[in-house]
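One structure is given below, encoded as structure tokens.
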Amino acid sequence: MDTFISYFMTSVFVGTIGRVYLLRVDYRQYPSYPRGVIMHLTFGLIGAALGAIAIPALIHKDYAAVTFLALAAEQFRNIRTMERENLTNIEEIELVQRGKSYIEEIAKIFEARNYIVVLSSLTTSALLYYFNNKYLAIFAGILVLIILKYIMKGEKIQDIANVRIGKIWFKNTLLYVDDVVIMNVGLKEARERILKTGVAVVLEPVDENASITLSNIGQRQAIIHDAVAQVGIKKDLDEPDFTPLARRNIDNGNVMIIFYPSIKNEKALLRAVKYAPVLESTRRSPSESGAAYKKEEAK
């Protein structure tokens with residue numbers, strides 16, 4: 001019995017430490033501190049316990065206990081729903097919204113992290129029972145955690161596009177970034193303020209796949225939200241002229257984004273845009289599809 005408790009606690013410990021390792025409280029300000037942190041750590045502890053108990057249950061032929069894993073999967077799906085609802089509820093009070101695609105991405109990530117905790121704890125528990133070696137089991141559990149975290153690591157905008165500062169200029173009342181029209185600005189005072197406070201960023205896709213990915217509206221909104229979360233925005237309610245906007249050059253696929261940062265530091269803004277995530281739901285790879293034609297075939 002003491003051995004069982006020792007194995008169980010070791011597996012739970014590895015899984016819980018894994019959830020702490022996967023928890024991120026960063027510039028996205030989510031999960032919030034401390035309520036969101038406590039909630040996610042609690043779910044991580046439950047997931048670790050379920051992963052730890054699965055192997056002993058199978059060994060003792062208590063198959064009913066294994067059904068708790070199915071229950072855990074259902075609860076983790078509820079976490080995804082809960083995250084989606086929470087973020088959607090606070091979306092209306094954001095000066096620059098995340099967008100539905102980004103909200104869904106965050107919800108999926110939090111669900112997946114709990115599955116990683118279960119697998120890490122399950123691996124530790126299995127090796128403890130079959131090899132009776134705590135060090136080997138803990139090492140394997142941590143290795144599984146690191147591998148799965150690496151697999152989950154997504155691309156950044158810097159991986160699919162060259163990011164540079166663009167030129168802001170007006171032609172009469174039309175606002176341009178480089179050679180692309182952004183919008184029409186009627187008030188002279190607004191045009192002067194845009195020239196004074198605005199900073200434009202140009203995303204140049206590295207290939208056709210990146211061009212189609214960046215054409216997604218949800219992806220562009222996620223980039224804008226991430227950048228604003230880090231450099232701020234000189235805008236208040238009912239100032240539509242100073243809302244960050246993204247427009248696409250349909251000829252070459254370049255995306256122009258105009259910001260009005262509180263911290264007017266071009267390097268910081270470029271860094272924020274480069275590190276913005278490429279959303280899983282917006283990633284496209286038509287060049288790898290059998291339906292996509294090759295350039296030489298089009299000649």
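Ordered as shown in the structure tokens, chains take letters A, B, and onward, while each chain numbers its residues from 1 and ligands are numbered from 1 in the order shown.
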
Excluding A:Leu41 and residues on its chain fewer than 3 positions from it, collect all residues at most 9 Å away from it, counting only C-alpha atoms, and give them as an mmCIF file with N, CA and C atoms, in the first residue's frame.
data_model
loop_
_atom_site.group_PDB
_atom_site.id
_atom_site.type_symbol
_atom_site.label_atom_id
_atom_site.label_comp_id
_atom_site.auth_asym_id
_atom_site.auth_seq_id
_atom_site.Cartn_x
_atom_site.Cartn_y
_atom_site.Cartn_z
ATOM 1 N N THR A 16 1.742 17.526 -12.174
ATOM 2 C CA THR A 16 1.437 18.868 -11.676
ATOM 3 C C THR A 16 2.561 19.851 -12.003
ATOM 4 N N ARG A 19 2.186 20.910 -15.455
ATOM 5 C CA ARG A 19 1.171 21.956 -15.694
ATOM 6 C C ARG A 19 1.693 23.320 -15.306
ATOM 7 N N VAL A 20 2.483 23.372 -14.238
ATOM 8 C CA VAL A 20 3.107 24.647 -13.859
ATOM 9 C C VAL A 20 4.053 25.107 -14.966
ATOM 10 N N LEU A 23 2.100 26.499 -17.871
ATOM 11 C CA LEU A 23 1.298 27.689 -17.594
ATOM 12 C C LEU A 23 2.054 28.937 -18.020
ATOM 13 N N GLY A 36 -7.253 32.945 -12.520
ATOM 14 C CA GLY A 36 -7.089 32.036 -13.648
ATOM 15 C C GLY A 36 -5.982 31.029 -13.404
ATOM 16 N N VAL A 37 -4.911 31.467 -12.763
ATOM 17 C CA VAL A 37 -3.789 30.579 -12.475
ATOM 18 C C VAL A 37 -4.231 29.441 -11.562
ATOM 19 N N ILE A 38 -4.945 29.785 -10.490
ATOM 20 C CA ILE A 38 -5.416 28.767 -9.545
ATOM 21 C C ILE A 38 -6.340 27.776 -10.243
ATOM 22 N N GLY A 44 -5.018 20.999 -13.648
ATOM 23 C CA GLY A 44 -3.797 20.243 -13.908
ATOM 24 C C GLY A 44 -3.572 19.161 -12.871
ATOM 25 N N LEU A 45 -3.843 19.475 -11.600
ATOM 26 C CA LEU A 45 -3.709 18.497 -10.516
ATOM 27 C C LEU A 45 -4.681 17.335 -10.711
ATOM 28 N N ILE A 46 -5.908 17.660 -11.095
ATOM 29 C CA ILE A 46 -6.906 16.608 -11.339
ATOM 30 C C ILE A 46 -6.477 15.720 -12.504
#

Open item on the list: as a list in words, please: the residues near A:Phe259 (cut-off 7 Å, only C-alpha atoms, same-chain neighbours under 6 positions excluded).
Closed with: Gly198, Val199, Ala200 and Pro244 of chain A

If you keep C-alpha atoms, can you produce a file of those selected residues as a short mmCIF file (atom, residue, chain, number, x, y, z; two decimals), in the first residue's frame?
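And here's out33.cif as it stands now:
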data_model
loop_
_atom_site.label_atom_id
_atom_site.label_comp_id
_atom_site.auth_asym_id
_atom_site.auth_seq_id
_atom_site.Cartn_x
_atom_site.Cartn_y
_atom_site.Cartn_z
CA GLY A 198 1.00 56.49 -36.65
CA VAL A 199 3.53 53.75 -37.34
CA ALA A 200 3.04 51.36 -40.25
CA PRO A 244 -5.36 49.82 -36.12
#

- [ ] Please run DSSP on the backbone and report, as a PyMOL selection string, all residues within stretch 44-272 of chain A that come out as strand (DSSP E or B).
- [x] chain A and resi 156+161-166+168-171+174-177+180-184+199-205+245-248+255-259

- [ ] Among the residues of stretch 24-254 of chain A, find those DSSP assigns to helix (DSSP H, G or I) from the backbone and print them as an NGL selection string.
- [x] :A and (35-59 or 63-91 or 100-131 or 134-152 or 157-160 or 188-197 or 208-214 or 217-231 or 240-242)

So which residues touch A:Arg284 within 10 Å, counting only C-alpha atoms, skipping near sequence neighbours fewer than 2 positions away, as a PDB file with N, CA and C atoms, in the first residue's frame?
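Below is the file selection31.pdb, written as the result:
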ATOM      1  N   GLU A 208       3.983  31.398 -51.158  1.00  0.00           N
ATOM      2  CA  GLU A 208       2.548  31.425 -51.441  1.00  0.00           C
ATOM      3  C   GLU A 208       1.727  30.942 -50.252  1.00  0.00           C
ATOM      4  N   ASN A 209       2.235  29.948 -49.540  1.00  0.00           N
ATOM      5  CA  ASN A 209       1.523  29.461 -48.352  1.00  0.00           C
ATOM      6  C   ASN A 209       1.354  30.580 -47.324  1.00  0.00           C
ATOM      7  N   ALA A 210       2.439  31.315 -47.089  1.00  0.00           N
ATOM      8  CA  ALA A 210       2.395  32.415 -46.120  1.00  0.00           C
ATOM      9  C   ALA A 210       1.446  33.515 -46.589  1.00  0.00           C
ATOM     10  N   SER A 211       1.430  33.772 -47.889  1.00  0.00           N
ATOM     11  CA  SER A 211       0.554  34.806 -48.433  1.00  0.00           C
ATOM     12  C   SER A 211      -0.909  34.492 -48.169  1.00  0.00           C
ATOM     13  N   ILE A 212      -1.288  33.224 -48.367  1.00  0.00           N
ATOM     14  CA  ILE A 212      -2.679  32.830 -48.139  1.00  0.00           C
ATOM     15  C   ILE A 212      -2.998  32.840 -46.641  1.00  0.00           C
ATOM     16  N   THR A 213      -2.046  32.442 -45.813  1.00  0.00           N
ATOM     17  CA  THR A 213      -2.244  32.480 -44.359  1.00  0.00           C
ATOM     18  C   THR A 213      -2.484  33.907 -43.880  1.00  0.00           C
ATOM     19  N   LEU A 214      -1.673  34.845 -44.374  1.00  0.00           N
ATOM     20  CA  LEU A 214      -1.796  36.240 -43.945  1.00  0.00           C
ATOM     21  C   LEU A 214      -3.029  36.926 -44.520  1.00  0.00           C
ATOM     22  N   ASN A 216      -5.917  35.790 -44.184  1.00  0.00           N
ATOM     23  CA  ASN A 216      -7.012  35.494 -43.269  1.00  0.00           C
ATOM     24  C   ASN A 216      -7.256  36.662 -42.321  1.00  0.00           C
ATOM     25  N   GLU A 280      -3.429  28.250 -35.703  1.00  0.00           N
ATOM     26  CA  GLU A 280      -3.582  26.926 -36.311  1.00  0.00           C
ATOM     27  C   GLU A 280      -4.732  26.899 -37.309  1.00  0.00           C
ATOM     28  N   SER A 281      -5.805  27.617 -36.992  1.00  0.00           N
ATOM     29  CA  SER A 281      -6.993  27.606 -37.849  1.00  0.00           C
ATOM     30  C   SER A 281      -6.805  28.413 -39.126  1.00  0.00           C
ATOM     31  N   THR A 282      -5.771  29.252 -39.184  1.00  0.00           N
ATOM     32  CA  THR A 282      -5.557  30.080 -40.368  1.00  0.00           C
ATOM     33  C   THR A 282      -4.410  29.589 -41.240  1.00  0.00           C
ATOM     34  N   PRO A 286      -1.250  25.323 -49.485  1.00  0.00           N
ATOM     35  CA  PRO A 286      -1.758  24.863 -50.785  1.00  0.00           C
ATOM     36  C   PRO A 286      -0.685  24.258 -51.669  1.00  0.00           C
ATOM     37  N   SER A 287       0.575  24.669 -51.475  1.00  0.00           N
ATOM     38  CA  SER A 287       1.647  24.132 -52.313  1.00  0.00           C
ATOM     39  C   SER A 287       1.895  22.654 -52.044  1.00  0.00           C
ATOM     40  N   GLU A 288       1.448  22.158 -50.878  1.00  0.00           N
ATOM     41  CA  GLU A 288       1.627  20.752 -50.538  1.00  0.00           C
ATOM     42  C   GLU A 288       0.411  19.909 -50.896  1.00  0.00           C
ATOM     43  N   SER A 289      -0.595  20.568 -51.462  1.00  0.00           N
ATOM     44  CA  SER A 289      -1.817  19.859 -51.818  1.00  0.00           C
ATOM     45  C   SER A 289      -1.738  19.339 -53.249  1.00  0.00           C
TER      46      SER A 289
END

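Taking only C-alpha atoms into account, A:Arg193 lies nearest to A:Lys234 out of the set A:Lys171, A:Lys234, A:Arg113, A:Arg220.
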